[in-house]
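With PDB, C-alpha atoms and all ligand atoms inside, this is input-v4.pdb:
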ATOM      1  CA  MET Y   1     112.343  67.442 116.352  1.00  0.00           C
ATOM      2  CA  ARG Y   2     111.995  67.389 112.574  1.00  0.00           C
ATOM      3  CA  ILE Y   3     115.010  66.152 110.648  1.00  0.00           C
ATOM      4  CA  LEU Y   4     115.118  66.435 106.883  1.00  0.00           C
ATOM      5  CA  THR Y   5     117.739  64.310 105.145  1.00  0.00           C
ATOM      6  CA  PHE Y   6     119.001  64.344 101.570  1.00  0.00           C
ATOM      7  CA  GLN Y   7     120.662  61.292 100.050  1.00  0.00           C
ATOM      8  CA  GLY Y   8     122.793  62.507  97.145  1.00  0.00           C
ATOM      9  CA  SER Y   9     124.090  59.268  95.644  1.00  0.00           C
ATOM     10  CA  PRO Y  10     122.460  57.696  92.595  1.00  0.00           C
ATOM     11  CA  ARG Y  11     123.593  54.286  93.919  1.00  0.00           C
ATOM     12  CA  ILE Y  12     120.580  53.266  95.964  1.00  0.00           C
ATOM     13  CA  GLY Y  13     121.733  50.843  98.647  1.00  0.00           C
ATOM     14  CA  GLY Y  14     125.282  52.147  98.218  1.00  0.00           C
ATOM     15  CA  ASN Y  15     127.615  53.617 100.799  1.00  0.00           C
ATOM     16  CA  THR Y  16     126.050  57.032 101.264  1.00  0.00           C
ATOM     17  CA  ASP Y  17     122.606  55.492 101.438  1.00  0.00           C
ATOM     18  CA  LEU Y  18     123.676  52.977 104.096  1.00  0.00           C
ATOM     19  CA  LEU Y  19     125.491  55.619 106.139  1.00  0.00           C
ATOM     20  CA  LEU Y  20     122.484  57.905 106.082  1.00  0.00           C
ATOM     21  CA  ASP Y  21     120.139  55.044 106.975  1.00  0.00           C
ATOM     22  CA  SER Y  22     122.189  54.353 110.105  1.00  0.00           C
ATOM     23  CA  PHE Y  23     121.919  58.009 111.094  1.00  0.00           C
ATOM     24  CA  ILE Y  24     118.173  57.905 110.479  1.00  0.00           C
ATOM     25  CA  LYS Y  25     117.762  54.731 112.533  1.00  0.00           C
ATOM     26  CA  GLY Y  26     119.505  56.366 115.510  1.00  0.00           C
ATOM     27  CA  ALA Y  27     117.485  59.584 115.215  1.00  0.00           C
ATOM     28  CA  LYS Y  28     114.152  57.785 114.845  1.00  0.00           C
ATOM     29  CA  GLU Y  29     114.843  55.518 117.800  1.00  0.00           C
ATOM     30  CA  ALA Y  30     115.621  58.632 119.847  1.00  0.00           C
ATOM     31  CA  GLY Y  31     112.216  60.062 118.924  1.00  0.00           C
ATOM     32  CA  ALA Y  32     112.794  62.371 115.948  1.00  0.00           C
ATOM     33  CA  GLU Y  33     110.498  62.718 112.989  1.00  0.00           C
ATOM     34  CA  VAL Y  34     112.779  62.018 110.019  1.00  0.00           C
ATOM     35  CA  GLU Y  35     112.219  62.328 106.296  1.00  0.00           C
ATOM     36  CA  LYS Y  36     114.612  61.018 103.671  1.00  0.00           C
ATOM     37  CA  ILE Y  37     114.698  62.413 100.154  1.00  0.00           C
ATOM     38  CA  HIS Y  38     116.653  60.530  97.505  1.00  0.00           C
ATOM     39  CA  LEU Y  39     117.902  63.326  95.267  1.00  0.00           C
ATOM     40  CA  TYR Y  40     118.313  60.820  92.415  1.00  0.00           C
ATOM     41  CA  ARG Y  41     114.597  60.024  92.521  1.00  0.00           C
ATOM     42  CA  VAL Y  42     113.180  63.539  92.617  1.00  0.00           C
ATOM     43  CA  LYS Y  43     113.276  66.105  89.849  1.00  0.00           C
ATOM     44  CA  ILE Y  44     115.426  69.079  90.824  1.00  0.00           C
ATOM     45  CA  GLY Y  45     117.129  71.089  88.096  1.00  0.00           C
ATOM     46  CA  PRO Y  46     120.024  73.485  88.622  1.00  0.00           C
ATOM     47  CA  CYS Y  47     119.495  77.230  89.127  1.00  0.00           C
ATOM     48  CA  ILE Y  48     118.778  78.909  85.776  1.00  0.00           C
ATOM     49  CA  GLU Y  49     119.607  82.450  86.945  1.00  0.00           C
ATOM     50  CA  CYS Y  50     116.230  83.778  85.810  1.00  0.00           C
ATOM     51  CA  GLY Y  51     116.324  86.353  88.616  1.00  0.00           C
ATOM     52  CA  GLU Y  52     112.696  85.774  89.562  1.00  0.00           C
ATOM     53  CA  CYS Y  53     113.571  85.106  93.209  1.00  0.00           C
ATOM     54  CA  ASP Y  54     115.493  88.399  93.454  1.00  0.00           C
ATOM     55  CA  THR Y  55     112.400  90.320  94.509  1.00  0.00           C
ATOM     56  CA  THR Y  56     110.301  87.615  96.168  1.00  0.00           C
ATOM     57  CA  GLY Y  57     112.694  85.035  97.618  1.00  0.00           C
ATOM     58  CA  GLU Y  58     110.619  82.390  95.878  1.00  0.00           C
ATOM     59  CA  CYS Y  59     111.852  80.136  93.091  1.00  0.00           C
ATOM     60  CA  VAL Y  60     109.596  79.820  90.045  1.00  0.00           C
ATOM     61  CA  ILE Y  61     111.085  76.693  88.449  1.00  0.00           C
ATOM     62  CA  PRO Y  62     108.233  74.160  88.274  1.00  0.00           C
ATOM     63  CA  ASP Y  63     109.879  71.046  89.659  1.00  0.00           C
ATOM     64  CA  ASP Y  64     110.010  69.054  92.905  1.00  0.00           C
ATOM     65  CA  MET Y  65     111.737  71.852  94.823  1.00  0.00           C
ATOM     66  CA  LYS Y  66     108.250  73.351  95.155  1.00  0.00           C
ATOM     67  CA  GLU Y  67     107.469  70.671  97.753  1.00  0.00           C
ATOM     68  CA  ILE Y  68     110.988  70.625  99.199  1.00  0.00           C
ATOM     69  CA  TYR Y  69     111.317  74.345 100.113  1.00  0.00           C
ATOM     70  CA  PRO Y  70     108.542  74.151 102.741  1.00  0.00           C
ATOM     71  CA  LYS Y  71     110.141  71.003 104.179  1.00  0.00           C
ATOM     72  CA  ILE Y  72     113.483  72.778 104.476  1.00  0.00           C
ATOM     73  CA  ASP Y  73     111.773  75.757 106.126  1.00  0.00           C
ATOM     74  CA  ALA Y  74     109.972  73.581 108.678  1.00  0.00           C
ATOM     75  CA  SER Y  75     112.945  71.408 109.668  1.00  0.00           C
ATOM     76  CA  ASP Y  76     115.058  71.704 112.815  1.00  0.00           C
ATOM     77  CA  VAL Y  77     118.023  69.755 111.457  1.00  0.00           C
ATOM     78  CA  ILE Y  78     119.062  69.188 107.850  1.00  0.00           C
ATOM     79  CA  VAL Y  79     121.401  66.375 106.879  1.00  0.00           C
ATOM     80  CA  VAL Y  80     123.054  66.330 103.475  1.00  0.00           C
ATOM     81  CA  ALA Y  81     124.767  63.074 102.482  1.00  0.00           C
ATOM     82  CA  SER Y  82     126.829  62.863  99.321  1.00  0.00           C
ATOM     83  CA  PRO Y  83     129.603  60.733  97.877  1.00  0.00           C
ATOM     84  CA  ILE Y  84     132.641  62.465  96.441  1.00  0.00           C
ATOM     85  CA  PHE Y  85     132.522  62.637  92.653  1.00  0.00           C
ATOM     86  CA  PHE Y  86     135.587  64.292  91.111  1.00  0.00           C
ATOM     87  CA  TYR Y  87     136.437  65.975  94.423  1.00  0.00           C
ATOM     88  CA  ASN Y  88     132.945  67.409  94.467  1.00  0.00           C
ATOM     89  CA  ILE Y  89     129.501  66.590  95.744  1.00  0.00           C
ATOM     90  CA  SER Y  90     127.315  64.655  93.282  1.00  0.00           C
ATOM     91  CA  SER Y  91     125.454  66.677  90.643  1.00  0.00           C
ATOM     92  CA  TYR Y  92     122.145  65.738  92.291  1.00  0.00           C
ATOM     93  CA  THR Y  93     123.369  67.328  95.500  1.00  0.00           C
ATOM     94  CA  GLN Y  94     124.765  70.322  93.649  1.00  0.00           C
ATOM     95  CA  ALA Y  95     121.340  71.023  92.085  1.00  0.00           C
ATOM     96  CA  LEU Y  96     119.843  71.171  95.591  1.00  0.00           C
ATOM     97  CA  VAL Y  97     122.632  73.493  96.701  1.00  0.00           C
ATOM     98  CA  GLU Y  98     122.144  75.861  93.771  1.00  0.00           C
ATOM     99  CA  ARG Y  99     118.425  76.040  94.342  1.00  0.00           C
ATOM    100  CA  SER Y 100     119.015  77.350  97.850  1.00  0.00           C
ATOM    101  CA  GLN Y 101     119.723  80.653  96.080  1.00  0.00           C
ATOM    102  CA  ALA Y 102     116.065  81.609  96.618  1.00  0.00           C
ATOM    103  CA  ARG Y 103     116.555  81.326 100.384  1.00  0.00           C
ATOM    104  CA  TRP Y 104     119.887  83.161 100.164  1.00  0.00           C
ATOM    105  CA  VAL Y 105     117.971  86.069  98.583  1.00  0.00           C
ATOM    106  CA  SER Y 106     115.358  85.884 101.365  1.00  0.00           C
ATOM    107  CA  LYS Y 107     118.058  86.030 103.998  1.00  0.00           C
ATOM    108  CA  TYR Y 108     120.628  88.439 102.610  1.00  0.00           C
ATOM    109  CA  VAL Y 109     118.765  90.628 100.102  1.00  0.00           C
ATOM    110  CA  LEU Y 110     115.239  90.756 101.446  1.00  0.00           C
ATOM    111  CA  LYS Y 111     116.483  90.437 105.053  1.00  0.00           C
ATOM    112  CA  LYS Y 112     113.680  88.084 105.988  1.00  0.00           C
ATOM    113  CA  ALA Y 113     113.713  86.453 109.411  1.00  0.00           C
ATOM    114  CA  PRO Y 114     114.330  82.698 109.585  1.00  0.00           C
ATOM    115  CA  PRO Y 115     111.209  80.674 108.715  1.00  0.00           C
ATOM    116  CA  PHE Y 116     109.294  79.848 111.927  1.00  0.00           C
ATOM    117  CA  GLY Y 117     111.983  81.803 113.816  1.00  0.00           C
ATOM    118  CA  LYS Y 118     114.192  78.725 113.886  1.00  0.00           C
ATOM    119  CA  GLU Y 119     117.948  78.557 113.667  1.00  0.00           C
ATOM    120  CA  LYS Y 120     118.422  75.155 112.115  1.00  0.00           C
ATOM    121  CA  LYS Y 121     121.434  72.911 112.401  1.00  0.00           C
ATOM    122  CA  GLY Y 122     123.226  71.360 109.437  1.00  0.00           C
ATOM    123  CA  ILE Y 123     125.142  68.090 109.235  1.00  0.00           C
ATOM    124  CA  PHE Y 124     127.100  66.702 106.306  1.00  0.00           C
ATOM    125  CA  LEU Y 125     127.884  63.037 105.696  1.00  0.00           C
ATOM    126  CA  SER Y 126     130.392  62.219 102.972  1.00  0.00           C
ATOM    127  CA  LEU Y 127     132.709  59.519 101.729  1.00  0.00           C
ATOM    128  CA  GLY Y 128     135.047  58.816  98.872  1.00  0.00           C
ATOM    129  CA  ALA Y 129     137.281  56.103  97.462  1.00  0.00           C
ATOM    130  CA  THR Y 130     140.650  57.789  97.765  1.00  0.00           C
ATOM    131  CA  LYS Y 131     142.641  58.742 100.819  1.00  0.00           C
ATOM    132  CA  GLY Y 132     143.583  62.321  99.974  1.00  0.00           C
ATOM    133  CA  LYS Y 133     144.170  64.473 103.022  1.00  0.00           C
ATOM    134  CA  ARG Y 134     142.134  67.305 101.534  1.00  0.00           C
ATOM    135  CA  LEU Y 135     139.387  65.128 100.037  1.00  0.00           C
ATOM    136  CA  PHE Y 136     136.585  66.863 101.934  1.00  0.00           C
ATOM    137  CA  GLU Y 137     137.938  70.389 102.033  1.00  0.00           C
ATOM    138  CA  GLY Y 138     136.149  71.843  98.991  1.00  0.00           C
ATOM    139  CA  VAL Y 139     132.840  70.086  99.533  1.00  0.00           C
ATOM    140  CA  GLN Y 140     132.676  71.222 103.145  1.00  0.00           C
ATOM    141  CA  ARG Y 141     132.977  74.797 102.004  1.00  0.00           C
ATOM    142  CA  VAL Y 142     130.120  74.286  99.519  1.00  0.00           C
ATOM    143  CA  ILE Y 143     127.903  72.646 102.113  1.00  0.00           C
ATOM    144  CA  ARG Y 144     128.681  75.298 104.713  1.00  0.00           C
ATOM    145  CA  TYR Y 145     127.391  77.944 102.273  1.00  0.00           C
ATOM    146  CA  PHE Y 146     124.327  75.848 101.456  1.00  0.00           C
ATOM    147  CA  PHE Y 147     123.434  75.560 105.119  1.00  0.00           C
ATOM    148  CA  ASP Y 148     124.034  79.245 105.661  1.00  0.00           C
ATOM    149  CA  ALA Y 149     121.653  80.096 102.806  1.00  0.00           C
ATOM    150  CA  VAL Y 150     118.856  77.989 104.305  1.00  0.00           C
ATOM    151  CA  TYR Y 151     119.268  79.595 107.748  1.00  0.00           C
ATOM    152  CA  ALA Y 152     121.147  76.632 109.211  1.00  0.00           C
ATOM    153  CA  LYS Y 153     124.363  76.542 111.203  1.00  0.00           C
ATOM    154  CA  TYR Y 154     126.817  73.989 109.866  1.00  0.00           C
ATOM    155  CA  GLU Y 155     127.956  71.835 112.771  1.00  0.00           C
ATOM    156  CA  GLY Y 156     130.254  69.412 110.931  1.00  0.00           C
ATOM    157  CA  GLY Y 157     129.802  65.819 109.881  1.00  0.00           C
ATOM    158  CA  LEU Y 158     131.155  62.348 109.306  1.00  0.00           C
ATOM    159  CA  PHE Y 159     133.752  61.716 106.606  1.00  0.00           C
ATOM    160  CA  TYR Y 160     135.190  58.434 105.370  1.00  0.00           C
ATOM    161  CA  ARG Y 161     138.053  57.836 102.989  1.00  0.00           C
ATOM    162  CA  GLY Y 162     138.892  54.595 101.153  1.00  0.00           C
ATOM    163  CA  ILE Y 163     135.247  53.571 100.617  1.00  0.00           C
ATOM    164  CA  GLU Y 164     134.703  52.496  97.028  1.00  0.00           C
ATOM    165  CA  LYS Y 165     132.696  49.385  96.109  1.00  0.00           C
ATOM    166  CA  LYS Y 166     128.969  49.261  96.711  1.00  0.00           C
ATOM    167  CA  SER Y 167     128.338  48.671 100.442  1.00  0.00           C
ATOM    168  CA  ALA Y 168     132.087  48.770 101.298  1.00  0.00           C
ATOM    169  CA  ILE Y 169     131.021  51.011 104.167  1.00  0.00           C
ATOM    170  CA  LYS Y 170     129.774  47.868 105.925  1.00  0.00           C
ATOM    171  CA  GLU Y 171     133.399  46.708 106.238  1.00  0.00           C
ATOM    172  CA  HIS Y 172     134.493  49.945 107.890  1.00  0.00           C
ATOM    173  CA  PRO Y 173     135.178  49.335 111.585  1.00  0.00           C
ATOM    174  CA  SER Y 174     133.016  52.175 112.903  1.00  0.00           C
ATOM    175  CA  ALA Y 175     131.231  54.191 110.186  1.00  0.00           C
ATOM    176  CA  LEU Y 176     127.709  52.798 110.477  1.00  0.00           C
ATOM    177  CA  HIS Y 177     127.850  52.820 114.250  1.00  0.00           C
ATOM    178  CA  ASP Y 178     129.221  56.379 114.233  1.00  0.00           C
ATOM    179  CA  ALA Y 179     126.273  57.491 112.122  1.00  0.00           C
ATOM    180  CA  TYR Y 180     123.791  55.691 114.373  1.00  0.00           C
ATOM    181  CA  LYS Y 181     125.289  57.314 117.459  1.00  0.00           C
ATOM    182  CA  LEU Y 182     125.247  60.721 115.802  1.00  0.00           C
ATOM    183  CA  GLY Y 183     121.563  60.264 114.931  1.00  0.00           C
ATOM    184  CA  GLN Y 184     120.814  59.554 118.579  1.00  0.00           C
ATOM    185  CA  ALA Y 185     122.916  62.430 119.877  1.00  0.00           C
ATOM    186  CA  VAL Y 186     121.299  64.956 117.552  1.00  0.00           C
ATOM    187  CA  VAL Y 187     118.000  64.300 119.302  1.00  0.00           C
ATOM    188  CA  LYS Y 188     119.284  63.855 122.838  1.00  0.00           C
ATOM    189  CA  ALA Y 189     122.293  66.147 123.244  1.00  0.00           C
ATOM    190  CA  PRO Y 190     123.214  69.789 122.563  1.00  0.00           C
ATOM    191  CA  PRO Y 191     125.201  70.375 119.339  1.00  0.00           C
ATOM    192  CA  GLU Y 192     128.481  70.896 121.209  1.00  0.00           C
ATOM    193  CA  ASN Y 193     128.249  67.265 122.341  1.00  0.00           C
ATOM    194  CA  TRP Y 194     127.421  65.760 118.967  1.00  0.00           C
ATOM    195  CA  PRO Y 195     130.014  63.123 118.017  1.00  0.00           C
ATOM    196  CA  LEU Y 196     131.019  64.570 114.682  1.00  0.00           C
ATOM    197  CA  VAL Y 197     134.062  65.965 112.985  1.00  0.00           C
ATOM    198  CA  ARG Y 198     134.097  69.753 112.836  1.00  0.00           C
ATOM    199  CA  ASP Y 199     136.869  69.900 110.212  1.00  0.00           C
ATOM    200  CA  PRO Y 200     138.191  66.739 108.563  1.00  0.00           C
ATOM    201  CA  SER Y 201     141.154  68.506 106.923  1.00  0.00           C
ATOM    202  CA  PRO Y 202     144.234  69.310 108.957  1.00  0.00           C
TER     203      PRO Y 202
HETATM  204  C1  LIG V   1     131.699  59.664  88.752  1.00  0.00           C
HETATM  205  C2  LIG V   1     132.508  59.273  89.952  1.00  0.00           C
HETATM  206  C3  LIG V   1     133.523  60.109  90.372  1.00  0.00           C
HETATM  207  C4  LIG V   1     134.256  59.795  91.520  1.00  0.00           C
HETATM  208  N1  LIG V   1     135.235  60.661  91.927  1.00  0.00           N
HETATM  209  C5  LIG V   1     135.906  60.410  93.084  1.00  0.00           C
HETATM  210  C6  LIG V   1     136.896  61.335  93.570  1.00  0.00           C
HETATM  211  O1  LIG V   1     137.189  62.358  92.981  1.00  0.00           O
HETATM  212  N2  LIG V   1     137.514  61.038  94.731  1.00  0.00           N
HETATM  213  C7  LIG V   1     137.225  59.911  95.443  1.00  0.00           C
HETATM  214  O2  LIG V   1     137.805  59.704  96.509  1.00  0.00           O
HETATM  215  N3  LIG V   1     136.291  59.015  95.003  1.00  0.00           N
HETATM  216  C8  LIG V   1     135.626  59.239  93.850  1.00  0.00           C
HETATM  217  N4  LIG V   1     134.662  58.361  93.406  1.00  0.00           N
HETATM  218  C9  LIG V   1     134.377  57.141  94.199  1.00  0.00           C
HETATM  219  C10 LIG V   1     133.142  57.253  95.082  1.00  0.00           C
HETATM  220  O3  LIG V   1     133.198  58.389  95.910  1.00  0.00           O
HETATM  221  C11 LIG V   1     133.026  56.001  95.945  1.00  0.00           C
HETATM  222  O4  LIG V   1     132.916  54.831  95.128  1.00  0.00           O
HETATM  223  C12 LIG V   1     131.871  56.062  96.908  1.00  0.00           C
HETATM  224  O5  LIG V   1     131.962  54.942  97.784  1.00  0.00           O
HETATM  225  C13 LIG V   1     130.528  56.014  96.201  1.00  0.00           C
HETATM  226  O6  LIG V   1     129.531  56.120  97.182  1.00  0.00           O
HETATM  227  P1  LIG V   1     128.038  55.595  96.926  1.00  0.00           P
HETATM  228  O7  LIG V   1     128.066  54.096  97.002  1.00  0.00           O
HETATM  229  O8  LIG V   1     127.241  56.197  98.018  1.00  0.00           O
HETATM  230  O9  LIG V   1     127.616  56.123  95.599  1.00  0.00           O
HETATM  231  C14 LIG V   1     133.952  58.614  92.244  1.00  0.00           C
HETATM  232  C15 LIG V   1     132.943  57.769  91.795  1.00  0.00           C
HETATM  233  C16 LIG V   1     132.225  58.089  90.659  1.00  0.00           C
HETATM  234  C17 LIG V   1     131.113  57.165  90.198  1.00  0.00           C
END

In structure tokens, what does this structure look like?
Ligand SMILES: Cc1cc2nc3c(=O)[nH]c(=O)nc-3n(C[C@H](O)[C@H](O)[C@H](O)COP(=O)(O)O)c2cc1C
Amino acid sequence: MRILTFQGSPRIGGNTDLLLDSFIKGAKEAGAEVEKIHLYRVKIGPCIECGECDTTGECVIPDDMKEIYPKIDASDVIVVASPIFFYNISSYTQALVERSQARWVSKYVLKKAPPFGKEKKGIFLSLGATKGKRLFEGVQRVIRYFFDAVYAKYEGGLFYRGIEKKSAIKEHPSALHDAYKLGQAVVKAPPENWPLVRDPSP
């Protein structure tokens, strides 16, 4: 199983990074091949609406997405991890999301079959400082559409409120263990048995 993960926080060693690392540890120990991409460290610009992908399904912007598209296509599971910034995903994560437009065109305009015939699975990990009931509502919608564009079914994720200072996630009673267990389950169990939250908003 190939799992591609995106870490969307610029704070390396921060909460999102630690949460994702726990997931990765669980998945690797269960036998998956896992890659982690720090979105802060790669060069991915936003969509520029040039329209070049409209006829080909391929993006022409010359940046690091060139290497990332084939990785997305070849993966079985994609994990996006992002902190909440102004009730949104981080801008690094948003650039990735926008650039999935080329795959959206492949799927919905050019009606291309899924790459390698795979229906991928998508998981979202997120956290924020506040405790708002609807903190993850908007971002989940965004991520659901991202996964849909890259031929992945959004399964749900892990969501933590009240996490602010760098590495505060370590003080949370279960978060890192939850992520580790989820990483293991993704490899060993069918999606319906994955220990994740399907909708964190009431
Ligand atoms: C620019 C910025 C905007 C933020 N906006 C929100 C917000 O709207 N809601 C919230 O709950 N937390 C917000 N936070 C807090 C972060 O989500 C929180 O500190 C989180 O733990 C950061 O995760 P990280 O260590 O992975 O970067 C914001 C933080 C920053 C730096």

Residue nearest Y:Glu137 among Y:Gly14, Y:Gly183, Y:Gly8, Y:Gly156 (counting only C-alpha atoms):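 Using only C-alpha atoms, the shortest distance to Y:Glu137 belongs to Y:Gly156.
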
Expected answer as a PyMOL selection string: residues within 8 Å of ligand LIG 1 (chain V), only C-alpha atoms and all ligand atoms: chain Y and resi 8-18+82-88+127-132+135+161-169

Run through the PyMOL selection byres (((chain Y and resi 180) around 9) and not hetatm) on the given coordinates and return the selected residues as a compact mmCIF listing (two decimals) with C-alpha atoms, in the frame of the given file.
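Listed below is the output, result.txt:
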# COMPACT_ATOMS: atom_id res chain seq x y z
CA LEU Y 19 125.49 55.62 106.14
CA LEU Y 20 122.48 57.90 106.08
CA ASP Y 21 120.14 55.04 106.98
CA SER Y 22 122.19 54.35 110.10
CA PHE Y 23 121.92 58.01 111.09
CA ILE Y 24 118.17 57.90 110.48
CA LYS Y 25 117.76 54.73 112.53
CA GLY Y 26 119.50 56.37 115.51
CA ALA Y 27 117.48 59.58 115.22
CA ALA Y 175 131.23 54.19 110.19
CA LEU Y 176 127.71 52.80 110.48
CA HIS Y 177 127.85 52.82 114.25
CA ASP Y 178 129.22 56.38 114.23
CA ALA Y 179 126.27 57.49 112.12
CA LYS Y 181 125.29 57.31 117.46
CA LEU Y 182 125.25 60.72 115.80
CA GLY Y 183 121.56 60.26 114.93
CA GLN Y 184 120.81 59.55 118.58
CA ALA Y 185 122.92 62.43 119.88

Test item: the PyMOL selection byres (((chain Y and resi 120-123) around 10) and not hetatm) resolved as a PyMOL selection string: chain Y and resi 3-5+72-81+114-115+117-119+124-125+143-144+146-148+150-158+182+186+191+196-198

Export, as a PDB file, keeping the file's coordinate frame, the selected residues with C-alpha atoms.
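Result file result22.pdb:
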ATOM      1  CA  ILE Y   3     115.010  66.152 110.648  1.00  0.00           C
ATOM      2  CA  LEU Y   4     115.118  66.435 106.883  1.00  0.00           C
ATOM      3  CA  THR Y   5     117.739  64.310 105.145  1.00  0.00           C
ATOM      4  CA  ILE Y  72     113.483  72.778 104.476  1.00  0.00           C
ATOM      5  CA  ASP Y  73     111.773  75.757 106.126  1.00  0.00           C
ATOM      6  CA  ALA Y  74     109.972  73.581 108.678  1.00  0.00           C
ATOM      7  CA  SER Y  75     112.945  71.408 109.668  1.00  0.00           C
ATOM      8  CA  ASP Y  76     115.058  71.704 112.815  1.00  0.00           C
ATOM      9  CA  VAL Y  77     118.023  69.755 111.457  1.00  0.00           C
ATOM     10  CA  ILE Y  78     119.062  69.188 107.850  1.00  0.00           C
ATOM     11  CA  VAL Y  79     121.401  66.375 106.879  1.00  0.00           C
ATOM     12  CA  VAL Y  80     123.054  66.330 103.475  1.00  0.00           C
ATOM     13  CA  ALA Y  81     124.767  63.074 102.482  1.00  0.00           C
ATOM     14  CA  PRO Y 114     114.330  82.698 109.585  1.00  0.00           C
ATOM     15  CA  PRO Y 115     111.209  80.674 108.715  1.00  0.00           C
ATOM     16  CA  GLY Y 117     111.983  81.803 113.816  1.00  0.00           C
ATOM     17  CA  LYS Y 118     114.192  78.725 113.886  1.00  0.00           C
ATOM     18  CA  GLU Y 119     117.948  78.557 113.667  1.00  0.00           C
ATOM     19  CA  PHE Y 124     127.100  66.702 106.306  1.00  0.00           C
ATOM     20  CA  LEU Y 125     127.884  63.037 105.696  1.00  0.00           C
ATOM     21  CA  ILE Y 143     127.903  72.646 102.113  1.00  0.00           C
ATOM     22  CA  ARG Y 144     128.681  75.298 104.713  1.00  0.00           C
ATOM     23  CA  PHE Y 146     124.327  75.848 101.456  1.00  0.00           C
ATOM     24  CA  PHE Y 147     123.434  75.560 105.119  1.00  0.00           C
ATOM     25  CA  ASP Y 148     124.034  79.245 105.661  1.00  0.00           C
ATOM     26  CA  VAL Y 150     118.856  77.989 104.305  1.00  0.00           C
ATOM     27  CA  TYR Y 151     119.268  79.595 107.748  1.00  0.00           C
ATOM     28  CA  ALA Y 152     121.147  76.632 109.211  1.00  0.00           C
ATOM     29  CA  LYS Y 153     124.363  76.542 111.203  1.00  0.00           C
ATOM     30  CA  TYR Y 154     126.817  73.989 109.866  1.00  0.00           C
ATOM     31  CA  GLU Y 155     127.956  71.835 112.771  1.00  0.00           C
ATOM     32  CA  GLY Y 156     130.254  69.412 110.931  1.00  0.00           C
ATOM     33  CA  GLY Y 157     129.802  65.819 109.881  1.00  0.00           C
ATOM     34  CA  LEU Y 158     131.155  62.348 109.306  1.00  0.00           C
ATOM     35  CA  LEU Y 182     125.247  60.721 115.802  1.00  0.00           C
ATOM     36  CA  VAL Y 186     121.299  64.956 117.552  1.00  0.00           C
ATOM     37  CA  PRO Y 191     125.201  70.375 119.339  1.00  0.00           C
ATOM     38  CA  LEU Y 196     131.019  64.570 114.682  1.00  0.00           C
ATOM     39  CA  VAL Y 197     134.062  65.965 112.985  1.00  0.00           C
ATOM     40  CA  ARG Y 198     134.097  69.753 112.836  1.00  0.00           C
TER      41      ARG Y 198
END

Distance criterion (only C-alpha atoms): nearest to Y:Pro62 out of Y:Lys170, Y:Lys188, Y:Arg103, Y:Lys43: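 Closest to Y:Pro62, using only C-alpha atoms: Y:Lys43.
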
Determine the axis-aligned bounding box of all atoms of stretch 58-72 of chain Y present in the file, pad each side by 3 Å, and express its centre and edge lengths in Å to one decimal place as AutoDock Vina command-line options.
--center_x 110.5 --center_y 75.7 --center_z 96.4 --size_x 12.0 --size_y 19.3 --size_z 22.2

Top pick for closest residue to Y:Thr55, considering Y:His172, Y:Lys112, Y:Lys133, Y:His38 and counting all atoms listed in the file: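 Using all atoms listed in the file, the shortest distance to Y:Thr55 belongs to Y:Lys112.
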
For stretch 25-36 of chain Y, supply N, CA and C atoms and format the output as a short mmCIF file (atom, residue, chain, number, x, y, z; two decimals), keeping the file's coordinate frame.
data_model
loop_
_atom_site.label_atom_id
_atom_site.label_comp_id
_atom_site.auth_asym_id
_atom_site.auth_seq_id
_atom_site.Cartn_x
_atom_site.Cartn_y
_atom_site.Cartn_z
N LYS Y 25 118.19 55.72 111.54
CA LYS Y 25 117.76 54.73 112.53
C LYS Y 25 117.99 55.28 113.95
N GLY Y 26 119.19 55.82 114.19
CA GLY Y 26 119.50 56.37 115.51
C GLY Y 26 118.57 57.51 115.88
N ALA Y 27 118.32 58.41 114.93
CA ALA Y 27 117.48 59.58 115.22
C ALA Y 27 116.03 59.17 115.46
N LYS Y 28 115.54 58.23 114.66
CA LYS Y 28 114.15 57.78 114.84
C LYS Y 28 113.98 57.08 116.19
N GLU Y 29 114.94 56.24 116.52
CA GLU Y 29 114.84 55.52 117.80
C GLU Y 29 114.88 56.48 118.99
N ALA Y 30 115.55 57.63 118.77
CA ALA Y 30 115.62 58.63 119.85
C ALA Y 30 114.39 59.54 119.85
N GLY Y 31 113.49 59.34 118.90
CA GLY Y 31 112.22 60.06 118.92
C GLY Y 31 112.02 61.14 117.88
N ALA Y 32 112.95 61.32 116.96
CA ALA Y 32 112.79 62.37 115.95
C ALA Y 32 111.84 61.93 114.83
N GLU Y 33 111.29 62.95 114.20
CA GLU Y 33 110.50 62.72 112.99
C GLU Y 33 111.47 62.94 111.82
N VAL Y 34 111.72 61.91 111.04
CA VAL Y 34 112.78 62.02 110.02
C VAL Y 34 112.22 61.74 108.63
N GLU Y 35 112.58 62.58 107.70
CA GLU Y 35 112.22 62.33 106.30
C GLU Y 35 113.50 62.18 105.48
N LYS Y 36 113.45 61.23 104.55
CA LYS Y 36 114.61 61.02 103.67
C LYS Y 36 114.20 61.29 102.22
#
